[in-house]
Number of protein chains: 6
Amino acid sequence: MPVTNPASLLNPDAFLSPLAIEEAVQRALDEDLGRAGDITSIATIPEAAPARAIMVARQAGVIAGLPLAVATFRKLSPEIRIEAHCRDGAIVAAGVKVLTISGPARAVLAGERTALNFVGRLSGIATLTSDYVRHAAGTRLRICCTRKTTPGLRALEKYAVRCGGGFNHRFGLDDAILIKDNHIAVAGGIRPVLQRARAHIGHLVKVEIEVDDLTQLREVLDTGLADVVLLDNMDIATLTEAVKLADGRVVLEASGGVTQNSIAKIAATGVDYASSGALTHSAPNFDVALDIEA
Amino acid sequence: MPVTNPASLLNPDAFLSPLAIEEAVQRALDEDLGRAGDITSIATIPEAAPARAIMVARQAGVIAGLPLAVATFRKLSPEIRIEAHCRDGAIVAAGVKVLTISGPARAVLAGERTALNFVGRLSGIATLTSDYVRHAAGTRLRICCTRKTTPGLRALEKYAVRCGGGFNHRFGLDDAILIKDNHIAVAGGIRPVLQRARAHIGHLVKVEIEVDDLTQLREVLDTGLADVVLLDNMDIATLTEAVKLADGRVVLEASGGVTQNSIAKIAATGVDYASSGALTHSAPNFDVALDIEA
Amino acid sequence: MPVTNPASLLNPDAFLSPLAIEEAVQRALDEDLGRAGDITSIATIPEAAPARAIMVARQAGVIAGLPLAVATFRKLSPEIRIEAHCRDGAIVAAGVKVLTISGPARAVLAGERTALNFVGRLSGIATLTSDYVRHAAGTRLRICCTRKTTPGLRALEKYAVRCGGGFNHRFGLDDAILIKDNHIAVAGGIRPVLQRARAHIGHLVKVEIEVDDLTQLREVLDTGLADVVLLDNMDIATLTEAVKLADGRVVLEASGGVTQNSIAKIAATGVDYASSGALTHSAPNFDVALDIEA
Amino acid sequence: MPVTNPASLLNPDAFLSPLAIEEAVQRALDEDLGRAGDITSIATIPEAAPARAIMVARQAGVIAGLPLAVATFRKLSPEIRIEAHCRDGAIVAAGVKVLTISGPARAVLAGERTALNFVGRLSGIATLTSDYVRHAAGTRLRICCTRKTTPGLRALEKYAVRCGGGFNHRFGLDDAILIKDNHIAVAGGIRPVLQRARAHIGHLVKVEIEVDDLTQLREVLDTGLADVVLLDNMDIATLTEAVKLADGRVVLEASGGVTQNSIAKIAATGVDYASSGALTHSAPNFDVALDIEA
Amino acid sequence: MPVTNPASLLNPDAFLSPLAIEEAVQRALDEDLGRAGDITSIATIPEAAPARAIMVARQAGVIAGLPLAVATFRKLSPEIRIEAHCRDGAIVAAGVKVLTISGPARAVLAGERTALNFVGRLSGIATLTSDYVRHAAGTRLRICCTRKTTPGLRALEKYAVRCGGGFNHRFGLDDAILIKDNHIAVAGGIRPVLQRARAHIGHLVKVEIEVDDLTQLREVLDTGLADVVLLDNMDIATLTEAVKLADGRVVLEASGGVTQNSIAKIAATGVDYASSGALTHSAPNFDVALDIEA
Amino acid sequence: MPVTNPASLLNPDAFLSPLAIEEAVQRALDEDLGRAGDITSIATIPEAAPARAIMVARQAGVIAGLPLAVATFRKLSPEIRIEAHCRDGAIVAAGVKVLTISGPARAVLAGERTALNFVGRLSGIATLTSDYVRHAAGTRLRICCTRKTTPGLRALEKYAVRCGGGFNHRFGLDDAILIKDNHIAVAGGIRPVLQRARAHIGHLVKVEIEVDDLTQLREVLDTGLADVVLLDNMDIATLTEAVKLADGRVVLEASGGVTQNSIAKIAATGVDYASSGALTHSAPNFDVALDIEA
């Protein structure tokens, strides 16, 4: 399908403000083009020379970032024509073509690196997430992200997690309550901190609280004031116990030590969510390239 | 040393516009605080409660990003006081304290994740780079980065490479010429493309050209028009041959397959630079935490 | 108390990103000063002339916006000194002094209107909210706002609602689910729409659904999938019935026809929240003035 | 008429930079969509579902803000089609359709509140202004606004005043001289202050001076140096006297106590302008809604 | 005098929004520092090396732009100390010292060119203006600028004109009416166009109209609807005649052919203003340098 | 040719980020339109009135800036149609038509001054540069610019130099090393400073060093560490000697005293480049006008 609107390649089930595409592309291109632009192409490629480029996945995985790639090329020239062979969230094998870009060679070459950087990073996150998700297949466990994201790319990285089949934790400090040990300590205990939280916030904000052991979990459950409990760095046996204790009264999130190896075991405990910072802060780049016929 | 100016913690030998600190911190905090700010701390921590936090490296490596951490906390409250125990470029062991932050508990908690995200990502790059560099120790080989950076973080990531002992390749499409296969093809060959480049650009711009084999390298050397030659994906034997051929007439950069395993062998060939995209696009996060006494 | 940090006058129990102050003041001053600045004061007031101004409430009510007033004056001159006689959330009588501003007359006069516009608008909202809240005193009813805010002032206006004792509904489309009639219609009914929502979103997002009658309410309750139900435009009798039906299983929000006259009756029904767009979109300006001794 | 250019719905006789539309819409949408966008619609509405919405005035009045509504929807999706049934400045009865919006249901729902907030606020101002203007019908009195506007919305609100038939006072501190009591006091009197003003400013700047009584008015008239005199808080008898005194030598603006009740009497005095801050700072929201068929 | 507030060096009689300083400096430094900053100084100057620099006028003239120079250096390092030997509007001889800057050598060198570019351009305009003004000395003729300014520097360049003793014409299309031949033609003549203008605009906007000959001038005078008449490209005899005709009923501005040679003659005609685009669009750079002792 | 994409009129051999056009036009229009827009045209020209305008060169020279002119008009109205009779870099005689603009009269008049300011300034630079270049015709001397540019217009002015046949020196402090006397002094001499530079920077950065006399030049040549030597303020005889000394081992740039009169003599010495700040900081405006048939 020929693409005129970059947003048409967004994963339809993932959350992202449509304004984020333009803003991210503007910043990335500005950073790469600097003051003088692509001086190599201007100096060596005639203005009228055409090119055709195919964006190819060089590994298997889940694609994310195509709307940003499309917006990158289109910003460089209105003469660029793009055909999309899939959209964000597509599961691809190595060698699969994802986009065909045609137009002025200068624009194709100027946009190459920026487009690939977007798709490489976001597909890397989507692919790692999908791997985590696969380890939980057939269970009720949901994999979710954290706020451990690259500064300035939060929204895009959380979008990529969702493209890979994961779920989103808080997008920022402002959209949910997450009470940690320091909040508890300052407020004088679990019950007082939860009461304070409930007294201040409205009915559209979830309250999550982090606990380190089952004693704390019991305290939380007794208050009836938490929506979600984060079980921090508990071993599998403790997690299993926690699920029994909670008995469906709160949502349970396991955190710490969530890796491809541990997910199946965590899933077996019956917790609802397992969260991992590595999904966003340590996902290796997805190998994607542009094959250009200038 | 107590820190009032975030830039005083910059690595004095690494390149970064001082304006980049403020801009990156503003964007990252804006992204994390959203509209309502840190609702958890506002709801649960009394405004006057103090806190003291220590940023601790949880792994060995090279630190980068402290100016951004400092600027983050200071932007949240002018009452924050920070003491730095090292600065960017410091080589640390696991458990080493890098910063002590004192001030209003709300501000300390609100800045925690953003500060850690900066230091985690940039120290991750610096640490991976320093590992590459160590493999080239005692040789003349210099490790350098590429433009395969996280969109929007180019300048900071290149700065982190330098903190780790690496060197910087182009910062963007505008500050050096890098001629690739497509430029050569469109321009009609190696000599014509180099002549076009030289005809257009001034005397403050270096010209690098990518070659795939020794035949191309010979062609380039014959022209005498290139400053640097990028030897793309050549095996060790070919690299060795290339060094002989060039005989000091151009700077040689090896690219492709540059990993911790291959660096010593590449260094032995006598090429001047080895470049790796993985330094920036796939560096795992550096493990750093904030121990807070609220 | 002399004020150096504008944020120190924020209401400590209200939610606002501290970055919002600077951004709003920059925009407002830019809008008022234009290219040439305060040409009247430059033309008629000697640069060295001092002034002292007292910001006085000319009506009774709740003050909000002082941090913006302080930031306005300080941005105009570092020589301005400000003493605050109260902070945001203060309940004042007519004639009460809120700020004393001393410094260059040119800066005092240049900042006057912008500072008053902030305090007038936000105190207007806080005062109207506190009036609504007073009508619910002694009951468990909480007054809350909507997204019917002045474009570009969302965060500040929601902050003012909180200063007046109200609670905040969603800050935007992205921080909670609110399902309305159209969502229900397209998704094929109440159960399917709630199932879709639950299937997509994570555990940190509340789900609210709007219903028009008790039949719909029953359907929602049967699913057990909603956190909050918005009871749209129901009369007092129906609200009372709804409370009985829900029996504490969901939070109930009454919407439509919420005015100073109806609040006590709504409170008596036992619903948890009453929301009103008028708090933000139709609050009359609070009468506040600057008495200047130049 | 189908609308492709939002500016085509601007009132052709009202003043507004065409750049203001895009800037205001970008900011308002950014504020509402946040990082994750309209999560309710993404979670519950299939991407391909269409919708048709009709914007309907629910009260009689004067419409303003349609270009902003159009730009809002179009920014959310290029597939949105809009038909306009009137343009800014139109006088409508309750129940009148103003816009028909067709396109993807997700985009229609995501833009609903932002579009209504613009039209509600600006039509509120236009409608209140038109009411003031009607009270002066058949006289030479012109109704005008002040700088008592919502911070960040100055240009739009002054535009709305003009849509309602009013006239614009200064847009900022930089486009006309308005000398108040403090300027007079510091400069040493009416004559010196007017002389200072005239000595500094060029020939494209009007000079207005505020007076409290007829003695001051006489002094101003004696200098021959003012273009406009603002008669502050004078009763009807004094205004009448002022008009006689001035005898056409200056333009006279009555200020203070200008309400729907007093306008006819003020008009009868023969002053040229009556200015009111309430037009912009206290106009109630105009009741407008979107009837959606999803 | 040691300078901490850049705005303290503004010419106290010239018009400029104080916000313009920071914005212009941010943009100029960003443009010069790019991504990597001052790589020469970072590579060659030890971080701790101090420097002392003296900004010296290398020609006689009028200084403008010092606040921008100060803000430039201070933005680069809080350790910079600046002493000002004069302020904007100062008349200097060649060789006069204007600023002494002390601090880290890296910051001094990084700011040098940006600071000089500001002072060179603005002092160039101020100096050329003062030369024009001197030719009108002893007459009532005022020299004024136009909108023929460097894109993006309008406010600063108009400020510099005022520093040189000139007066400001319109700052933009929005702060005064200037009717030209095309407006007259479309509106159907001089009287209709002036009537249209008066019917639309408020009492704080001046109306100027351009005429080519005395017949047109008479028409304008007959209407009594213009505040200012622009006499376009008239010779001295015609200007003299125009002054007689107008007889003080309107302000007269001569435009076209205003040069150092013609000013005295124009002044002798009795017109009020002579405007020149060359003041801003063709002023040669003022020769100013930084003598650095590193 | 009818123009839809402003970038299509860029000089194909000159360097400029395509993002620079939109950004510069947005800022310039914003500066000129202010809050209220073109009040003269709104007040006097019916919305539907068409106009046709021809941009005409009123002097001979080299045109630059047309993409900015096109973008200016198109931003004001999508109904504007533009035909280009030449593109940037065209050599024109006085009286030559460069653009024909057709569309709503209001938009044509509103864009007139901004479009002319861009073309006037940039064509002024291109024309002056081409004059310098002509004096070097038939020699190998290249004319180049400096960083002495108008703050905020660096990229556009360097682009204009290239349109005039000149070459670009550094675009900023970050894209090449230029060692001056202070760097030498602090680093302890020519060899140490060059060694420091080489030790820090990568292989894509050129190193230039400024020398005052032949002794210094010899020192530089002995190190073999410089790519380019800037010969500062040397007379013709010394330049000739320098060329002999260098004997092709470095690129030589003459600086200081480069004027139309001296270029031929400088060229005869055999240096490679002559740089002049006057090209950008003191180029007189190019005379260009818009002939409008409204």
# chains A, B, ... in the order shown; residues from 1 in each chain; ligands from 1
$ interface_residues --of "chain B" --to "chain C" --cutoff "9 Å" --atoms "only C-alpha atoms" --output "short mmCIF file (atom, residue, chain, number, x, y, z; two decimals) with all heavy atoms, in the first residue's frame"
data_model
loop_
_atom_site.label_atom_id
_atom_site.label_comp_id
_atom_site.auth_asym_id
_atom_site.auth_seq_id
_atom_site.Cartn_x
_atom_site.Cartn_y
_atom_site.Cartn_z
N GLN B 26 15.53 19.57 30.33
CA GLN B 26 14.18 20.15 30.21
C GLN B 26 13.24 19.15 29.53
O GLN B 26 12.13 18.91 29.99
CB GLN B 26 14.29 21.44 29.37
CG GLN B 26 12.97 22.09 28.98
CD GLN B 26 12.34 22.86 30.13
OE1 GLN B 26 13.04 23.36 31.01
NE2 GLN B 26 11.02 22.97 30.13
N LEU B 29 12.63 15.93 31.81
CA LEU B 29 11.77 16.19 32.96
C LEU B 29 10.34 16.47 32.52
O LEU B 29 9.37 16.02 33.14
CB LEU B 29 12.29 17.39 33.77
CG LEU B 29 13.33 17.05 34.82
CD1 LEU B 29 13.80 18.32 35.51
CD2 LEU B 29 12.77 16.08 35.86
N ASP B 30 10.22 17.20 31.44
CA ASP B 30 8.89 17.51 30.92
C ASP B 30 8.15 16.22 30.58
O ASP B 30 6.95 16.08 30.86
CB ASP B 30 9.06 18.37 29.67
CG ASP B 30 7.81 19.16 29.38
OD1 ASP B 30 7.26 19.76 30.31
OD2 ASP B 30 7.38 19.17 28.22
N LEU B 33 7.37 14.47 34.12
CA LEU B 33 6.46 15.17 35.04
C LEU B 33 5.08 15.43 34.44
O LEU B 33 4.10 15.61 35.17
CB LEU B 33 7.07 16.51 35.46
CG LEU B 33 8.34 16.41 36.30
CD1 LEU B 33 9.00 17.79 36.43
CD2 LEU B 33 8.03 15.85 37.68
N GLY B 34 5.00 15.45 33.13
CA GLY B 34 3.72 15.67 32.47
C GLY B 34 3.06 16.95 32.94
O GLY B 34 3.71 17.97 33.17
N ARG B 35 1.74 16.89 33.10
CA ARG B 35 0.99 18.07 33.51
C ARG B 35 0.93 18.22 35.02
O ARG B 35 1.00 19.31 35.56
CB ARG B 35 -0.44 17.98 32.95
CG ARG B 35 -0.51 18.12 31.45
CD ARG B 35 -1.75 17.46 30.88
NE ARG B 35 -1.73 16.04 31.10
CZ ARG B 35 -2.13 15.12 30.23
NH1 ARG B 35 -2.60 15.48 29.06
NH2 ARG B 35 -2.08 13.85 30.53
N ALA B 36 0.79 17.11 35.73
CA ALA B 36 0.47 17.17 37.15
C ALA B 36 1.68 17.00 38.06
O ALA B 36 1.58 17.21 39.27
CB ALA B 36 -0.57 16.11 37.48
N GLY B 37 2.83 16.65 37.49
CA GLY B 37 4.02 16.46 38.32
C GLY B 37 4.03 15.13 39.04
O GLY B 37 3.28 14.21 38.69
N ASP B 38 4.88 15.02 40.03
CA ASP B 38 5.05 13.76 40.77
C ASP B 38 3.91 13.62 41.78
O ASP B 38 4.04 13.98 42.96
CB ASP B 38 6.41 13.78 41.48
CG ASP B 38 6.65 12.50 42.27
OD1 ASP B 38 5.80 11.58 42.24
OD2 ASP B 38 7.71 12.41 42.93
N ILE B 39 2.82 13.07 41.31
CA ILE B 39 1.62 13.06 42.16
C ILE B 39 1.79 12.17 43.39
O ILE B 39 1.18 12.40 44.42
CB ILE B 39 0.35 12.65 41.37
CG1 ILE B 39 0.48 11.24 40.79
CG2 ILE B 39 0.06 13.64 40.26
CD1 ILE B 39 -0.82 10.73 40.14
N ILE B 42 3.70 14.36 45.97
CA ILE B 42 2.85 15.45 46.44
C ILE B 42 1.77 14.90 47.39
O ILE B 42 1.47 15.50 48.42
CB ILE B 42 2.20 16.21 45.25
CG1 ILE B 42 3.29 16.91 44.42
CG2 ILE B 42 1.16 17.23 45.74
CD1 ILE B 42 2.79 17.54 43.12
N ALA B 43 1.23 13.74 47.04
CA ALA B 43 0.13 13.20 47.85
C ALA B 43 0.62 12.60 49.17
O ALA B 43 -0.12 12.58 50.15
CB ALA B 43 -0.63 12.15 47.05
N PRO B 46 5.19 15.15 53.06
CA PRO B 46 5.03 16.55 53.45
C PRO B 46 6.06 17.42 52.74
O PRO B 46 7.20 16.99 52.53
CB PRO B 46 5.27 16.54 54.96
CG PRO B 46 5.07 15.12 55.39
CD PRO B 46 5.45 14.27 54.22
N GLU B 47 5.61 18.62 52.38
CA GLU B 47 6.47 19.52 51.62
C GLU B 47 7.82 19.76 52.30
O GLU B 47 8.84 19.91 51.63
CB GLU B 47 5.72 20.86 51.46
CG GLU B 47 6.35 21.83 50.50
CD GLU B 47 5.62 23.17 50.59
OE1 GLU B 47 5.01 23.45 51.66
OE2 GLU B 47 5.66 23.93 49.61
N LYS B 75 16.96 21.69 38.74
CA LYS B 75 15.79 22.26 38.07
C LYS B 75 14.53 22.03 38.90
O LYS B 75 13.58 22.79 38.83
CB LYS B 75 15.64 21.61 36.70
CG LYS B 75 14.70 22.36 35.80
CD LYS B 75 14.86 21.97 34.35
CE LYS B 75 14.16 22.99 33.46
NZ LYS B 75 14.89 24.25 33.35
N LEU B 76 14.54 20.97 39.68
CA LEU B 76 13.35 20.65 40.47
C LEU B 76 13.28 21.47 41.75
O LEU B 76 12.19 21.67 42.30
CB LEU B 76 13.34 19.15 40.80
CG LEU B 76 12.97 18.31 39.57
CD1 LEU B 76 13.25 16.84 39.83
CD2 LEU B 76 11.50 18.50 39.21
N SER B 77 14.42 21.90 42.25
CA SER B 77 14.39 22.74 43.45
C SER B 77 15.72 23.46 43.64
O SER B 77 16.78 22.83 43.61
CB SER B 77 14.11 21.90 44.70
OG SER B 77 14.33 22.69 45.86
N PRO B 78 15.66 24.76 43.86
CA PRO B 78 16.91 25.49 44.14
C PRO B 78 17.48 25.13 45.51
O PRO B 78 18.62 25.50 45.81
CB PRO B 78 16.47 26.95 44.08
CG PRO B 78 15.01 26.95 44.29
CD PRO B 78 14.50 25.63 43.79
#
$ residues_around --residues "Val96 of chain E" --least-positions-apart "4" --cutoff "9 Å" --atoms "only C-alpha atoms" --output "list of chain:residue names"
E:Met55, E:Val56, E:Ala57, E:Arg58, E:Gln59, E:Ala60, E:His85, E:Val92
$ residues_around --residues "segment 179-185 of chain C" --least-positions-apart "4" --cutoff "9 Å" --atoms "only C-alpha atoms" --output "ChimeraX atom specification"
/C:189-194,197,207-212 /D:40-41,44-45,105,109,292-294
$ write_last_selection --atoms "N, CA, C and O atoms" --output "PDB file, in the first residue's frame"
ATOM      1  N   GLY C 189     -21.735  -2.590  22.490  1.00  0.00           N
ATOM      2  CA  GLY C 189     -22.411  -2.777  23.764  1.00  0.00           C
ATOM      3  C   GLY C 189     -21.483  -2.590  24.939  1.00  0.00           C
ATOM      4  O   GLY C 189     -20.273  -2.418  24.793  1.00  0.00           O
ATOM      5  N   ILE C 190     -22.068  -2.598  26.113  1.00  0.00           N
ATOM      6  CA  ILE C 190     -21.328  -2.285  27.325  1.00  0.00           C
ATOM      7  C   ILE C 190     -20.313  -3.362  27.671  1.00  0.00           C
ATOM      8  O   ILE C 190     -19.153  -3.061  27.970  1.00  0.00           O
ATOM      9  N   ARG C 191     -20.729  -4.617  27.625  1.00  0.00           N
ATOM     10  CA  ARG C 191     -19.757  -5.661  27.968  1.00  0.00           C
ATOM     11  C   ARG C 191     -18.602  -5.715  26.959  1.00  0.00           C
ATOM     12  O   ARG C 191     -17.435  -5.685  27.344  1.00  0.00           O
ATOM     13  N   PRO C 192     -18.921  -5.739  25.658  1.00  0.00           N
ATOM     14  CA  PRO C 192     -17.798  -5.776  24.707  1.00  0.00           C
ATOM     15  C   PRO C 192     -16.844  -4.583  24.843  1.00  0.00           C
ATOM     16  O   PRO C 192     -15.636  -4.734  24.739  1.00  0.00           O
ATOM     17  N   VAL C 193     -17.405  -3.411  25.079  1.00  0.00           N
ATOM     18  CA  VAL C 193     -16.518  -2.246  25.131  1.00  0.00           C
ATOM     19  C   VAL C 193     -15.618  -2.317  26.359  1.00  0.00           C
ATOM     20  O   VAL C 193     -14.429  -1.977  26.305  1.00  0.00           O
ATOM     21  N   LEU C 194     -16.167  -2.789  27.469  1.00  0.00           N
ATOM     22  CA  LEU C 194     -15.345  -2.899  28.674  1.00  0.00           C
ATOM     23  C   LEU C 194     -14.311  -4.008  28.517  1.00  0.00           C
ATOM     24  O   LEU C 194     -13.162  -3.871  28.968  1.00  0.00           O
ATOM     25  N   ALA C 197     -11.528  -2.666  26.393  1.00  0.00           N
ATOM     26  CA  ALA C 197     -10.684  -1.734  27.162  1.00  0.00           C
ATOM     27  C   ALA C 197      -9.739  -2.505  28.067  1.00  0.00           C
ATOM     28  O   ALA C 197      -8.524  -2.268  28.076  1.00  0.00           O
ATOM     29  N   VAL C 207     -10.706   2.655  34.635  1.00  0.00           N
ATOM     30  CA  VAL C 207     -11.719   2.590  33.584  1.00  0.00           C
ATOM     31  C   VAL C 207     -13.025   3.175  34.111  1.00  0.00           C
ATOM     32  O   VAL C 207     -13.601   2.663  35.072  1.00  0.00           O
ATOM     33  N   GLU C 208     -13.455   4.248  33.455  1.00  0.00           N
ATOM     34  CA  GLU C 208     -14.745   4.850  33.800  1.00  0.00           C
ATOM     35  C   GLU C 208     -15.666   4.699  32.589  1.00  0.00           C
ATOM     36  O   GLU C 208     -15.210   4.720  31.448  1.00  0.00           O
ATOM     37  N   ILE C 209     -16.938   4.531  32.863  1.00  0.00           N
ATOM     38  CA  ILE C 209     -17.898   4.415  31.765  1.00  0.00           C
ATOM     39  C   ILE C 209     -19.113   5.268  32.094  1.00  0.00           C
ATOM     40  O   ILE C 209     -19.542   5.356  33.248  1.00  0.00           O
ATOM     41  N   GLU C 210     -19.625   5.919  31.061  1.00  0.00           N
ATOM     42  CA  GLU C 210     -20.762   6.819  31.228  1.00  0.00           C
ATOM     43  C   GLU C 210     -22.059   6.056  30.955  1.00  0.00           C
ATOM     44  O   GLU C 210     -22.162   5.357  29.952  1.00  0.00           O
ATOM     45  N   VAL C 211     -23.039   6.206  31.836  1.00  0.00           N
ATOM     46  CA  VAL C 211     -24.346   5.577  31.588  1.00  0.00           C
ATOM     47  C   VAL C 211     -25.452   6.626  31.717  1.00  0.00           C
ATOM     48  O   VAL C 211     -25.317   7.611  32.442  1.00  0.00           O
ATOM     49  N   ASP C 212     -26.543   6.369  31.005  1.00  0.00           N
ATOM     50  CA  ASP C 212     -27.642   7.330  30.976  1.00  0.00           C
ATOM     51  C   ASP C 212     -28.806   6.914  31.865  1.00  0.00           C
ATOM     52  O   ASP C 212     -29.653   7.732  32.217  1.00  0.00           O
TER      53      ASP C 212
ATOM     54  N   THR D  40      -8.702   5.854  25.279  1.00  0.00           N
ATOM     55  CA  THR D  40     -10.031   5.249  25.262  1.00  0.00           C
ATOM     56  C   THR D  40     -10.416   4.823  23.848  1.00  0.00           C
ATOM     57  O   THR D  40     -10.860   3.689  23.620  1.00  0.00           O
ATOM     58  N   SER D  41     -10.228   5.734  22.909  1.00  0.00           N
ATOM     59  CA  SER D  41     -10.621   5.400  21.536  1.00  0.00           C
ATOM     60  C   SER D  41      -9.713   4.342  20.945  1.00  0.00           C
ATOM     61  O   SER D  41     -10.168   3.452  20.219  1.00  0.00           O
ATOM     62  N   THR D  44     -10.895   1.042  22.373  1.00  0.00           N
ATOM     63  CA  THR D  44     -12.256   0.530  22.190  1.00  0.00           C
ATOM     64  C   THR D  44     -12.824   0.673  20.779  1.00  0.00           C
ATOM     65  O   THR D  44     -13.818   0.017  20.446  1.00  0.00           O
ATOM     66  N   ILE D  45     -12.233   1.543  19.961  1.00  0.00           N
ATOM     67  CA  ILE D  45     -12.799   1.792  18.637  1.00  0.00           C
ATOM     68  C   ILE D  45     -11.892   1.199  17.569  1.00  0.00           C
ATOM     69  O   ILE D  45     -10.711   1.527  17.524  1.00  0.00           O
ATOM     70  N   ALA D 105     -13.529   7.548  13.232  1.00  0.00           N
ATOM     71  CA  ALA D 105     -14.158   7.799  14.529  1.00  0.00           C
ATOM     72  C   ALA D 105     -13.124   8.155  15.592  1.00  0.00           C
ATOM     73  O   ALA D 105     -13.349   9.015  16.445  1.00  0.00           O
ATOM     74  N   LEU D 109     -13.381  11.605  17.766  1.00  0.00           N
ATOM     75  CA  LEU D 109     -13.526  11.595  19.226  1.00  0.00           C
ATOM     76  C   LEU D 109     -12.319  12.237  19.915  1.00  0.00           C
ATOM     77  O   LEU D 109     -12.460  12.916  20.937  1.00  0.00           O
ATOM     78  N   ILE D 292     -22.536  13.136  17.722  1.00  0.00           N
ATOM     79  CA  ILE D 292     -21.737  12.186  16.957  1.00  0.00           C
ATOM     80  C   ILE D 292     -22.560  10.951  16.611  1.00  0.00           C
ATOM     81  O   ILE D 292     -23.220  10.366  17.461  1.00  0.00           O
ATOM     82  N   GLU D 293     -22.486  10.604  15.354  1.00  0.00           N
ATOM     83  CA  GLU D 293     -23.044   9.308  14.931  1.00  0.00           C
ATOM     84  C   GLU D 293     -21.857   8.444  14.558  1.00  0.00           C
ATOM     85  O   GLU D 293     -21.298   8.568  13.483  1.00  0.00           O
ATOM     86  N   ALA D 294     -21.480   7.590  15.455  1.00  0.00           N
ATOM     87  CA  ALA D 294     -20.287   6.766  15.183  1.00  0.00           C
ATOM     88  C   ALA D 294     -20.694   5.507  14.417  1.00  0.00           C
ATOM     89  O   ALA D 294     -21.856   5.111  14.428  1.00  0.00           O
TER      90      ALA D 294
END
$ select_by_dssp --residues "segment 186-282 of chain B" --states "helix (DSSP H, G or I)" --output "ChimeraX atom specification"
/B:186-187,190-200,214-223,236-246,263-269,278-281
$ residues_around --residues "Gly89 of chain E" --least-positions-apart "5" --cutoff "10 Å" --atoms "only C-alpha atoms" --output "list in words"
Leu9, Leu10, Asn11, Pro12, Asp13, Ala14, Gly61, Val62, Ile63, Ala64, Gly65, Leu66, Ser123, Ala126, Thr127, Ser130, Ala160, Val161, Arg162, Cys163, Gly164 and Gly165 of chain E
$ select_by_dssp --residues "segment 40-161 of chain D" --states "strand (DSSP E or B)" --output "NGL selection string"
:D and (50-57 or 61-62 or 81-84 or 91-92 or 97-104 or 142-144)
$ residues_around --residues "Val119 of chain E" --least-positions-apart "2" --cutoff "9 Å" --atoms "only C-alpha atoms" --output "list of chain:residue names"
E:Ile63, E:Ala64, E:Gly65, E:Leu66, E:Leu68, E:Ala69, E:Thr114, E:Ala115, E:Leu116, E:Asn117, E:Arg121, E:Leu122, E:Ser123, E:Gly124, E:Asn285, E:Phe286, E:Asp287, E:Val288
$ atom_distance --atom1 "atom CA of Leu231 of chain C" --atom2 "atom CA of Ala254 of chain C"
4.9 Å
$ atom_distance --atom1 "atom CA of Val220 of chain B" --atom2 "atom CA of Gly270 of chain B"
18.7 Å
$ residues_around --residues "Ile54 of chain D" --least-positions-apart "2" --cutoff "6 Å" --atoms "only C-alpha atoms" --output "short mmCIF file (atom, residue, chain, number, x, y, z; two decimals) with N, CA and C atoms, in the first residue's frame"
data_model
loop_
_atom_site.label_atom_id
_atom_site.label_comp_id
_atom_site.auth_asym_id
_atom_site.auth_seq_id
_atom_site.Cartn_x
_atom_site.Cartn_y
_atom_site.Cartn_z
N LEU D 99 -20.83 23.08 12.05
CA LEU D 99 -19.86 22.28 11.28
C LEU D 99 -20.36 20.84 11.17
N THR D 100 -20.02 20.19 10.08
CA THR D 100 -20.20 18.75 9.98
C THR D 100 -18.83 18.13 9.75
N LEU D 290 -21.05 18.50 20.28
CA LEU D 290 -20.82 17.70 19.10
C LEU D 290 -21.77 16.50 19.16
N ASP D 291 -22.66 16.44 18.20
CA ASP D 291 -23.55 15.27 18.11
C ASP D 291 -22.90 14.27 17.17
#
